[in-house]
file protein.txt (compact mmCIF, C-alpha atoms)
# COMPACT_ATOMS: atom_id res chain seq x y z
CA MET A 1 25.83 9.15 131.09
CA ARG A 2 26.95 11.82 128.64
CA GLY A 3 27.35 14.27 131.48
CA LEU A 4 29.46 11.78 133.36
CA ALA A 5 31.70 11.29 130.33
CA ALA A 6 32.15 15.02 129.91
CA LEU A 7 32.98 15.36 133.58
CA LEU A 8 35.55 12.60 133.29
CA CYS A 9 37.16 14.25 130.31
CA VAL A 10 37.38 17.64 131.98
CA ALA A 11 38.89 16.09 135.10
CA PHE A 12 41.40 14.20 133.00
CA THR A 13 42.37 17.35 131.12
CA ILE A 14 42.84 19.38 134.29
CA ALA A 15 44.93 16.65 135.84
CA SER A 16 47.07 16.33 132.73
CA THR A 17 47.65 20.05 132.48
CA THR A 18 48.65 20.29 136.10
CA ALA A 19 51.07 17.44 135.70
CA ALA A 20 52.59 18.96 132.59
CA TYR A 21 53.24 22.28 134.24
CA ALA A 22 54.67 20.82 137.41
CA GLN A 23 58.39 21.50 137.44
CA PRO A 24 60.62 18.80 138.80
CA ARG A 25 63.46 21.21 139.49
CA GLY A 26 63.18 24.67 140.81
CA GLY A 27 59.47 24.35 140.87
CA GLY A 28 57.38 27.08 142.30
CA GLY A 29 59.73 29.69 141.03
CA ARG A 30 62.45 29.04 143.51
CA ALA A 31 65.85 28.00 142.54
CA ALA A 32 67.02 24.57 143.45
CA PRO A 33 69.14 24.56 146.55
CA ALA A 34 72.62 25.68 145.86
CA GLN A 35 74.99 22.85 145.31
CA ARG A 36 78.54 23.19 146.40
CA GLN A 37 80.83 21.84 143.78
CA ALA A 38 83.62 19.51 144.61
CA PRO A 39 86.73 21.47 145.47
CA ALA A 40 88.58 20.21 142.43
CA GLN A 41 85.77 21.27 140.16
CA ALA A 42 85.47 24.59 141.86
CA GLN A 43 89.13 25.17 141.34
CA ARG A 44 88.79 24.25 137.72
CA GLN A 45 86.08 26.81 137.31
CA ALA A 46 88.07 29.55 138.89
CA PRO A 47 89.50 31.71 136.15
CA ALA A 48 93.22 31.93 135.74
CA PRO A 49 94.48 34.96 137.57
CA ALA A 50 96.66 36.01 134.67
CA GLN A 51 93.76 36.18 132.29
CA ARG A 52 90.98 37.56 134.39
CA GLN A 53 90.55 40.66 136.37
CA ALA A 54 91.30 40.66 140.00
CA PRO A 55 88.68 38.93 142.08
CA ALA A 56 85.97 41.25 143.14
CA PRO A 57 86.08 42.11 146.80
CA ALA A 58 83.69 40.08 148.84
CA GLN A 59 81.26 42.82 149.46
CA ARG A 60 77.55 42.77 149.36
CA PRO A 61 76.12 44.80 146.53
CA ALA A 62 74.79 47.99 147.93
CA GLN A 63 71.95 48.63 145.52
CA ALA A 64 71.38 45.23 144.01
CA PRO A 65 67.84 44.09 144.49
CA ALA A 66 67.57 40.98 146.55
CA ALA A 67 66.58 37.77 144.84
CA ARG A 68 65.55 36.08 148.02
CA GLY A 69 61.98 35.77 146.87
CA GLY A 70 62.91 34.01 143.64
CA GLY A 71 64.27 34.97 140.29
CA PHE A 72 67.76 34.35 139.05
CA GLN A 73 70.55 34.37 141.59
CA LEU A 74 72.68 37.03 139.95
CA ASN A 75 72.98 39.55 142.74
CA HIS A 76 76.72 39.25 142.74
CA ASP A 77 76.78 40.39 139.14
CA LEU A 78 74.41 43.27 139.68
CA ALA A 79 76.84 45.16 141.86
CA PRO A 80 78.82 47.90 140.17
CA ALA A 81 81.46 46.19 138.12
CA PRO A 82 85.09 46.87 138.83
CA GLN A 83 86.88 49.01 136.33
CA ALA A 84 88.91 46.13 135.04
CA ALA A 85 85.79 44.18 134.27
CA ALA A 86 84.78 46.45 131.45
CA PRO A 87 85.84 45.17 128.06
CA GLN A 88 89.02 46.84 127.00
CA ARG A 89 87.96 48.35 123.80
CA MET A 90 89.81 51.14 122.19
CA ALA A 91 88.22 53.93 120.29
CA PRO A 92 86.26 52.86 117.25
CA PRO A 93 88.50 52.04 114.36
CA GLN A 94 89.53 55.22 112.71
CA ARG A 95 91.47 55.38 109.61
CA ALA A 96 93.85 58.30 109.80
CA ALA A 97 92.95 59.16 106.25
CA ALA A 98 89.29 59.51 107.15
CA ALA A 99 89.84 62.91 108.73
CA PRO A 100 93.25 64.23 107.74
CA PRO A 101 94.45 67.42 109.31
CA PRO A 102 94.03 70.43 107.04
CA ALA A 103 97.74 70.95 106.73
CA ALA A 104 98.20 67.48 105.42
CA ALA A 105 95.38 67.69 102.96
CA PHE A 106 97.69 68.32 100.05
CA GLN A 107 100.43 66.06 101.15
CA ARG A 108 100.83 62.78 99.48
CA PRO A 109 100.20 60.11 102.03
CA GLN A 110 103.25 58.27 103.09
CA ALA A 111 103.32 54.57 102.68
CA PRO A 112 103.33 52.91 106.05
CA ALA A 113 106.68 51.56 106.93
CA VAL A 114 105.54 47.99 106.96
CA ARG A 115 108.42 45.74 107.57
CA ALA A 116 108.58 42.14 108.20
CA GLN A 117 108.88 41.13 111.77
CA LEU A 118 110.77 37.93 111.66
CA PRO A 119 109.74 35.59 114.38
CA GLN A 120 112.13 35.89 117.26
CA PRO A 121 112.52 33.17 119.80
CA SER A 122 111.08 34.44 122.99
CA ALA A 123 108.93 33.38 125.85
CA ARG A 124 105.87 34.42 123.91
CA GLN A 125 106.90 32.46 120.88
CA PRO A 126 105.27 34.78 118.40
CA GLY A 127 104.12 33.12 115.29
CA SER A 128 103.59 29.80 116.91
CA PRO A 129 99.97 28.79 117.19
CA ASN A 130 100.93 26.45 119.96
CA GLY A 131 103.03 28.96 121.79
CA GLY A 132 102.43 30.46 125.17
CA GLN A 133 99.15 32.08 125.94
CA VAL A 134 99.03 35.84 125.86
CA ALA A 135 96.24 38.16 126.78
CA VAL A 136 94.21 39.13 123.76
CA ARG A 137 94.24 42.84 123.16
CA ASN A 138 92.93 45.20 120.60
CA ASN A 139 95.30 46.58 118.05
CA PRO A 140 95.92 50.32 117.92
CA PRO A 141 94.09 52.32 115.28
CA ARG A 142 95.60 51.63 111.95
CA GLN A 143 97.41 54.24 109.99
CA SER A 144 96.29 55.18 106.55
CA PRO A 145 97.35 52.77 103.88
CA GLY A 146 99.74 54.59 101.64
CA ASN A 147 98.53 53.08 98.45
CA ILE A 148 98.02 55.82 95.91
CA GLY A 149 96.60 53.53 93.29
CA ALA A 150 93.04 52.54 92.81
CA GLN A 151 91.68 49.89 95.07
CA ARG A 152 91.00 46.59 93.45
CA ARG A 153 88.28 44.31 94.60
CA ILE A 154 88.83 40.61 94.31
CA GLY A 155 85.38 39.15 94.17
CA ASN A 156 84.72 36.23 96.43
CA PRO A 157 85.24 33.18 94.22
CA SER A 158 82.61 31.17 96.03
CA PHE A 159 79.97 33.77 96.58
CA HIS A 160 78.42 36.13 94.05
CA GLY A 161 75.22 37.11 95.78
CA ASN A 162 73.91 40.33 97.16
CA ALA A 163 75.13 42.07 100.28
CA TRP A 164 75.05 39.77 103.28
CA GLY A 165 73.94 36.96 101.04
CA TRP A 166 76.71 34.85 102.52
CA ASN A 167 74.90 35.24 105.86
CA ARG A 168 71.43 34.57 104.47
CA GLY A 169 70.75 38.25 104.18
CA VAL A 170 71.39 38.95 107.85
CA ALA A 171 73.77 41.85 108.37
CA TRP A 172 76.78 41.01 110.42
CA ASN A 173 77.93 43.63 112.91
CA PRO A 174 81.13 43.41 114.94
CA ALA A 175 80.80 42.58 118.61
CA PRO A 176 83.19 44.84 120.51
CA THR A 177 84.10 42.39 123.26
CA TYR A 178 85.78 40.03 120.81
CA TRP A 179 88.95 40.42 118.84
CA GLY A 180 88.15 41.62 115.35
CA GLY A 181 84.55 42.06 116.43
CA GLY A 182 84.17 38.29 116.35
CA PHE A 183 84.83 38.16 112.62
CA TRP A 184 87.68 35.73 113.13
CA GLY A 185 85.89 33.79 115.86
CA ALA A 186 84.78 34.01 119.45
CA LEU A 187 88.08 35.23 120.81
CA ALA A 188 87.19 37.38 123.79
CA PHE A 189 89.52 40.10 125.03
CA SER A 190 89.39 38.59 128.48
CA ALA A 191 90.78 35.33 127.21
CA GLY A 192 94.26 34.17 126.55
CA ALA A 193 95.26 33.01 123.13
CA ALA A 194 98.25 31.87 121.20
CA LEU A 195 99.81 34.75 119.35
CA PHE A 196 99.91 34.11 115.63
CA GLY A 197 102.64 36.53 114.73
CA ASP A 198 102.58 40.28 114.60
CA LEU A 199 103.22 43.06 112.17
CA ILE A 200 104.90 46.37 112.72
CA ALA A 201 103.56 49.24 110.65
CA SER A 202 104.29 52.91 111.24
CA GLY A 203 105.88 52.10 114.54
CA GLN A 204 102.81 50.28 115.81
CA THR A 205 102.69 46.62 116.59
CA TYR A 206 99.63 44.77 115.36
CA GLU A 207 99.12 41.37 116.88
CA SER A 208 97.42 38.52 115.16
CA TYR A 209 95.72 35.39 116.46
CA ALA A 210 94.52 32.16 115.00
CA VAL A 211 91.26 32.17 113.09
CA TYR A 212 88.52 30.05 114.60
CA PRO A 213 86.81 27.39 112.50
CA ASP A 214 83.31 28.22 111.30
CA SER A 215 83.88 31.93 111.78
CA PRO A 216 83.16 34.40 108.98
CA GLY A 217 86.90 34.89 108.66
CA ALA A 218 87.42 31.18 108.24
CA THR A 219 84.76 31.19 105.54
CA LEU A 220 86.56 34.05 103.84
CA LEU A 221 89.86 32.19 103.89
CA ALA A 222 88.22 29.03 102.60
CA ASN A 223 86.47 30.88 99.80
CA TYR A 224 89.77 32.36 98.62
CA GLN A 225 91.58 29.09 99.30
CA LEU A 226 93.93 30.90 101.64
CA THR A 227 95.83 29.29 104.47
CA GLN A 228 96.57 31.36 107.54
CA THR A 229 100.15 31.70 108.58
CA PRO A 230 101.76 33.71 111.37
CA CYS A 231 102.29 37.33 110.45
CA GLY A 232 105.83 38.55 110.27
CA PRO A 233 107.60 37.23 107.20
CA PRO A 234 107.48 39.36 104.05
CA ASP A 235 105.38 38.79 100.95
CA LEU A 236 102.34 37.51 102.71
CA VAL A 237 98.69 38.28 102.20
CA VAL A 238 97.86 40.69 105.02
CA ILE A 239 94.12 40.94 105.62
CA TRP A 240 92.85 43.77 107.77
CA GLY A 241 89.58 42.85 109.39
CA PRO A 242 87.15 44.71 111.60
CA ASP A 243 88.39 46.69 114.59
CA ASN A 244 92.00 46.87 113.41
CA SER A 245 92.43 43.15 113.48
CA LEU A 246 94.63 41.46 110.96
CA ILE A 247 95.61 38.02 109.91
CA CYS A 248 98.14 36.80 107.40
CA ALA A 249 98.02 34.06 104.82
CA PHE A 250 100.16 32.55 102.13
CA PRO A 251 99.54 34.09 98.72
CA ASN A 252 98.05 31.93 96.01
CA ALA A 253 96.83 32.19 92.45
CA ILE A 254 93.77 34.17 93.52
CA VAL A 255 95.28 36.55 96.04
CA GLY A 256 98.76 37.93 95.64
CA PRO A 257 100.93 39.27 98.42
CA GLY A 258 99.97 42.65 99.81
CA ASP A 259 97.56 44.39 102.12
CA TYR A 260 93.82 43.88 101.81
CA ASP A 261 90.72 45.14 103.53
CA VAL A 262 87.70 42.98 104.15
CA ASP A 263 84.30 43.99 102.91
CA PRO A 264 82.11 42.07 105.35
CA SER A 265 78.93 42.68 103.39
CA THR A 266 80.15 40.71 100.40
CA LEU A 267 82.88 38.81 102.21
CA SER A 268 85.37 39.99 99.65
CA LEU A 269 88.89 41.35 99.68
CA VAL A 270 89.80 44.83 98.55
CA SER A 271 93.43 45.51 97.82
CA GLU A 272 95.02 48.65 99.13
CA MET B 1 26.00 5.61 121.48
CA THR B 2 27.21 6.16 124.97
CA PHE B 3 30.54 4.58 124.34
CA ARG B 4 30.91 6.52 121.10
CA THR B 5 30.34 9.74 122.97
CA LEU B 6 32.77 8.71 125.64
CA ARG B 7 35.38 7.89 123.03
CA PHE B 8 34.80 11.22 121.33
CA TYR B 9 35.39 13.11 124.55
CA SER B 10 38.42 11.02 125.37
CA VAL B 11 40.03 11.75 122.04
CA GLY B 12 39.30 15.43 122.48
CA ALA B 13 40.81 15.45 125.93
CA LEU B 14 43.88 13.63 124.68
CA ALA B 15 44.35 16.15 121.89
CA MET B 16 44.02 18.99 124.36
CA PHE B 17 46.48 17.30 126.67
CA LEU B 18 49.03 16.90 123.91
CA ALA B 19 48.63 20.50 122.82
CA LEU B 20 49.05 21.79 126.35
CA SER B 21 51.99 19.49 126.95
CA SER B 22 53.81 20.79 123.89
CA VAL B 23 53.30 24.34 125.09
CA ALA B 24 54.58 23.37 128.50
CA ASN B 25 57.61 21.67 126.96
CA ALA B 26 58.55 24.80 125.01
CA LYS B 27 60.67 25.82 127.94
CA GLY B 28 64.19 25.49 129.06
CA THR B 29 66.49 25.14 131.97
CA VAL B 30 68.94 27.66 133.31
CA ARG B 31 72.05 26.75 135.21
CA ILE B 32 73.99 29.45 136.98
CA ASP B 33 77.45 28.56 138.19
CA GLN B 34 78.61 31.11 140.68
CA ARG B 35 82.24 31.94 140.96
CA ASP B 36 82.34 30.54 144.48
CA GLY B 37 81.33 27.13 143.18
CA THR B 38 77.67 27.19 144.07
CA VAL B 39 75.19 26.21 141.41
CA GLN B 40 71.57 27.11 140.90
CA ASN B 41 69.31 25.23 138.52
CA TYR B 42 66.05 26.62 137.24
CA GLY B 43 63.63 24.44 135.37
CA GLY B 44 60.72 25.65 133.33
CA SER B 45 62.15 28.93 132.15
CA VAL B 46 60.37 30.43 129.19
CA ILE B 47 62.75 31.45 126.42
CA ARG B 48 61.71 33.93 123.82
CA ILE B 49 63.34 35.75 120.96
CA VAL B 50 62.22 39.33 120.69
CA GLY B 51 63.85 41.08 117.79
CA ASP B 52 67.56 40.48 118.15
CA THR B 53 67.43 39.68 121.82
CA ILE B 54 66.94 36.46 123.70
CA ARG B 55 64.84 36.75 126.82
CA VAL B 56 64.92 34.08 129.45
CA PHE B 57 62.23 34.31 132.10
CA SER B 58 62.75 32.90 135.54
CA PRO B 59 60.23 30.21 136.45
CA ASP B 60 58.47 32.56 138.83
CA ASN B 61 58.46 35.24 136.13
CA ARG B 62 60.24 37.59 138.49
CA ASP B 63 63.38 38.10 136.48
CA THR B 64 64.16 38.27 132.81
CA LEU B 65 67.62 37.69 131.51
CA ILE B 66 68.12 39.72 128.35
CA ILE B 67 70.93 38.78 126.02
CA SER B 68 71.37 41.25 123.24
CA HIS B 69 73.69 42.89 120.79
CA ALA B 70 75.26 40.00 119.03
CA ALA B 71 77.24 39.30 115.93
CA CYS B 72 75.38 36.47 114.26
CA THR B 73 76.34 34.14 111.48
CA TYR B 74 74.87 30.98 110.04
CA ILE B 75 76.71 27.72 110.26
CA GLY B 76 74.64 25.49 108.07
CA GLU B 77 71.16 25.75 109.48
CA ILE B 78 72.35 26.76 112.91
CA ARG B 79 72.50 30.40 113.79
CA ARG B 80 75.43 31.23 116.04
CA CYS B 81 75.71 34.56 117.77
CA LEU B 82 78.39 36.22 119.83
CA PRO B 83 76.51 38.42 122.25
CA TYR B 84 78.11 41.28 124.08
CA ARG B 85 75.39 42.75 126.25
CA LEU B 86 73.63 41.19 129.19
CA ALA B 87 70.99 42.61 131.44
CA LEU B 88 68.66 41.42 134.14
CA ARG B 89 65.19 42.89 134.20
CA ARG B 90 63.85 42.91 137.71
CA ASN B 91 60.93 44.89 139.01
CA GLY B 92 60.63 46.59 135.66
CA ALA B 93 64.15 47.95 135.69
CA ASP B 94 67.03 46.72 133.57
CA HIS B 95 70.28 46.08 135.41
CA THR B 96 73.30 45.73 133.21
CA ILE B 97 75.51 42.78 133.98
CA GLY B 98 79.19 43.05 133.19
CA PHE B 99 79.72 40.84 130.20
CA ASP B 100 82.76 38.80 129.36
CA HIS B 101 81.99 36.46 126.50
CA GLY B 102 79.44 33.96 125.34
CA THR B 103 77.89 32.07 122.49
CA VAL B 104 74.32 31.48 121.46
CA PHE B 105 73.21 28.66 119.18
CA PHE B 106 69.73 28.71 117.73
CA ASN B 107 68.11 26.29 115.34
CA PRO B 108 65.40 28.13 113.43
CA SER B 109 64.79 25.23 111.07
CA ALA B 110 62.10 22.60 111.32
CA ALA B 111 64.51 19.71 111.74
CA ALA B 112 67.10 18.84 114.34
CA GLN B 113 70.52 20.13 113.38
CA PRO B 114 73.96 19.07 114.55
CA LEU B 115 75.88 21.61 116.54
CA PRO B 116 79.08 22.70 114.86
CA ARG B 117 81.89 20.28 115.55
CA SER B 118 79.78 18.37 118.00
CA SER B 119 77.90 15.11 118.12
CA GLU B 120 75.02 16.89 119.83
CA GLN B 121 71.98 18.02 117.98
CA LEU B 122 69.78 21.00 118.53
CA PRO B 123 66.06 20.33 118.10
CA PRO B 124 63.83 22.57 116.01
CA ASN B 125 63.55 25.95 117.70
CA GLY B 126 66.19 24.75 120.11
CA VAL B 127 68.46 27.25 121.75
CA LEU B 128 71.70 26.86 123.63
CA VAL B 129 73.31 29.74 125.46
CA PHE B 130 76.63 29.92 127.25
CA VAL B 131 77.51 33.22 128.82
CA ARG B 132 80.22 34.22 131.23
CA THR B 133 79.90 37.45 133.13
CA ALA B 134 82.68 39.82 134.04
CA ARG B 135 82.40 38.60 137.62
CA GLY B 136 83.06 35.04 136.58
CA THR B 137 79.50 33.73 136.78
CA SER B 138 78.64 31.19 134.11
CA ILE B 139 75.10 31.05 132.78
CA ALA B 140 73.96 28.15 130.63
CA VAL B 141 70.53 28.03 129.06
CA HIS B 142 69.10 25.28 126.95
CA GLY B 143 65.62 24.60 125.76
CA THR B 144 63.28 25.50 122.99
CA ILE B 145 62.03 28.87 121.98
CA ASP B 146 58.54 29.59 123.19
CA LYS B 147 57.88 32.43 120.79
CA VAL B 148 59.72 34.47 118.22
CA THR B 149 58.68 38.08 117.88
CA ARG B 150 60.17 40.23 115.17

call {"tool": "encode", "arguments": {"input": "protein.txt", "output": "structure tokens"}}
result
Amino acid sequence: MRGLAALLCVAFTIASTTAAYAQPRGGGGRAAPAQRQAPAQAQRQAPAPAQRQAPAPAQRPAQAPAARGGGFQLNHDLAPAPQAAAPQRMAPPQRAAAAPPPAAAFQRPQAPAVRAQLPQPSARQPGSPNGGQVAVRNNPPRQSPGNIGAQRRIGNPSFHGNAWGWNRGVAWNPAPTYWGGGFWGALAFSAGAALFGDLIASGQTYESYAVYPDSPGATLLANYQLTQTPCGPPDLVVIWGPDNSLICAFPNAIVGPGDYDVDPSTLSLVSE
Amino acid sequence: MTFRTLRFYSVGALAMFLALSSVANAKGTVRIDQRDGTVQNYGGSVIRIVGDTIRVFSPDNRDTLIISHAACTYIGEIRRCLPYRLALRRNGADHTIGFDHGTVFFNPSAAAQPLPRSSEQLPPNGVLVFVRTARGTSIAVHGTIDKVTR
């Protein structure tokens, strides 16, 4: 009788295990049959031509391994990517002052000719968060800030911990396929976004976009009780973030007007 | 005596069944939306975190989708990452996939957590991945992490 009970239990266990591992969809390692979406949905999924690269030519990847026997159906993406598909990232951010030419070593750095770019009515509607969509692009490398005074750190009013303490000790590193490395949110370079003003400094135009909620940049603004505003008008708080990104905010009792760098490790502002 | 023994074995079998079921449930589903509108669904994909990468195994264990290099921040208890590298490991070789953008949500806590600005919740060890490739293919992964390896 005991043997029969043990046999029953083993049979039950084997049956249960088999049932648990049976996959209702895509079982056996094969993908579920491809489903053709409704035309309307397919059209919705097609990226806007103005924001995406040109459609890849309908060619079969030459060296892509076939997935006929299973695996993920990503052969189309394994083909050599077109040139336009690569993320448009400029050279790593380089401050001109980091490696000055020898001849300029003894020259006093010139203050960048930062001037206010008053919002002009145009098709792009700069400065309007609800304006037309423009392709997100990286800003050119920033010129050296001409401040000859000592930098002043404004400690984060809401955070006084160690480096990366605001991120539970996890170091944050910029992701190059997003504007500002993702510091201001998940704004990909391939996407379109509403321009949030721009700034002209040293003959270069630096574009700004809206900060995403829940991003590190949004946390920074909230900690300093700053409110983002389109760049352009004078006497704003200009915050230079990772990868030559910048945003502007109204000054307040904590942060006065001027240019500031972000120290991502402590999520603090450093005046220039 | 006989019935007691039978009950003992039954309880043991049930415990084993539950343990095996929970292991089997620590999996996820992958949905791949091709640019031409076709869709592939894969059930029973094992999802693992190895270091700073998320690895999603195809149900037949033939392919591994490797999502890596991400800028990660915490939103409450949820860890949100912006990845920027994608590769497919097939036959032991890594094939880079042109990457466009994506977001990864991971709940490392022991309790279900609400997704940011959403009514949805992510279960403990739950993971949610949305990735769009440079060729316009959308990859969505959701499930629970099978194993975390530092």

call {"tool": "residues_around", "arguments": {"input": "protein.txt", "residues": "Asp63 of chain B", "least_positions_apart": "2", "cutoff": "7 Å", "atoms": "only C-alpha atoms", "output": "list in words"}}
result
Gly71 and Phe72 of chain A; Phe57, Ser58, Asn61, Leu65, Leu88, Arg89 and Arg90 of chain B

call {"tool": "closest_residue", "arguments": {"input": "protein.txt", "among": "B:Ile78, B:Leu86, B:Ala134, B:Ile145", "to": "Asp100 of chain B", "atoms": "only C-alpha atoms"}}
result
B:Ala134

call {"tool": "atom_distance", "arguments": {"input": "protein.txt", "atom1": "atom CA of Ile32 of chain B", "atom2": "atom CA of Asn91 of chain B"}}
result
20.3 Å

call {"tool": "atom_distance", "arguments": {"input": "protein.txt", "atom1": "atom CA of Asp243 of chain A", "atom2": "atom CA of Phe196 of chain A"}}
result
17.1 Å

call {"tool": "residues_around", "arguments": {"input": "protein.txt", "residues": "Thr53 of chain B", "least_positions_apart": "5", "cutoff": "10 Å", "atoms": "only C-alpha atoms", "output": "count of residues only"}}
result
13

call {"tool": "atom_distance", "arguments": {"input": "protein.txt", "atom1": "atom CA of Pro59 of chain B", "atom2": "atom CA of Ala140 of chain B"}}
result
15.1 Å

call {"tool": "closest_residue", "arguments": {"input": "protein.txt", "among": "A:Pro242, A:Gly185, A:Pro257, A:Pro157", "to": "chain B", "atoms": "all atoms listed in the file"}}
result
A:Gly185

call {"tool": "axis_aligned_box", "arguments": {"input": "protein.txt", "around": "segment 94-110 of chain B", "padding_each_side": "3 Å", "output": "AutoDock Vina command-line options"}}
result
--center_x 72.4 --center_y 34.7 --center_z 123.2 --size_x 26.7 --size_y 30.1 --size_z 30.3

call {"tool": "closest_residue", "arguments": {"input": "protein.txt", "among": "A:Phe159, A:Trp184, A:Tyr209, A:Phe189", "to": "chain B", "atoms": "only C-alpha atoms"}}
result
A:Phe189

call {"tool": "residues_around", "arguments": {"input": "protein.txt", "residues": "Asp259 of chain A", "least_positions_apart": "6", "cutoff": "7 Å", "atoms": "all atoms listed in the file", "output": "PDB file with C-alpha atoms, in the frame of the given file"}}
result
ATOM      1  CA  VAL A 237      98.690  38.280 102.200  1.00  0.00           C
ATOM      2  CA  VAL A 238      97.860  40.690 105.020  1.00  0.00           C
ATOM      3  CA  ILE A 239      94.120  40.940 105.620  1.00  0.00           C
ATOM      4  CA  SER A 271      93.430  45.510  97.820  1.00  0.00           C
ATOM      5  CA  GLU A 272      95.020  48.650  99.130  1.00  0.00           C
TER       6      GLU A 272
END

call {"tool": "residues_around", "arguments": {"input": "protein.txt", "residues": "Ala112 of chain B", "least_positions_apart": "2", "cutoff": "7 Å", "atoms": "all atoms listed in the file", "output": "mmCIF file with C-alpha atoms, keeping the file's coordinate frame"}}
result
data_model
loop_
_atom_site.group_PDB
_atom_site.id
_atom_site.type_symbol
_atom_site.label_atom_id
_atom_site.label_comp_id
_atom_site.auth_asym_id
_atom_site.auth_seq_id
_atom_site.Cartn_x
_atom_site.Cartn_y
_atom_site.Cartn_z
ATOM 1 C CA ALA B 110 62.100 22.600 111.320
ATOM 2 C CA PRO B 114 73.960 19.070 114.550
ATOM 3 C CA GLN B 121 71.980 18.020 117.980
ATOM 4 C CA LEU B 122 69.780 21.000 118.530
ATOM 5 C CA PRO B 123 66.060 20.330 118.100
ATOM 6 C CA PRO B 124 63.830 22.570 116.010
#

call {"tool": "residues_around", "arguments": {"input": "protein.txt", "residues": "Ala87 of chain B", "least_positions_apart": "4", "cutoff": "10 Å", "atoms": "only C-alpha atoms", "output": "count of residues only"}}
result
15

call {"tool": "closest_residue", "arguments": {"input": "protein.txt", "among": "A:Tyr212, A:Tyr260, A:Tyr224, A:Tyr206", "to": "chain B", "atoms": "only C-alpha atoms"}}
result
A:Tyr212

call {"tool": "closest_residue", "arguments": {"input": "protein.txt", "among": "B:Ser119, B:Thr103, B:Thr144, B:Ser109", "to": "chain A", "atoms": "all atoms listed in the file"}}
result
B:Thr103

call {"tool": "closest_residue", "arguments": {"input": "protein.txt", "among": "A:Ile154, A:Ala175, A:Ala194, A:Val262", "to": "Val136 of chain A", "atoms": "all atoms listed in the file"}}
result
A:Ala194
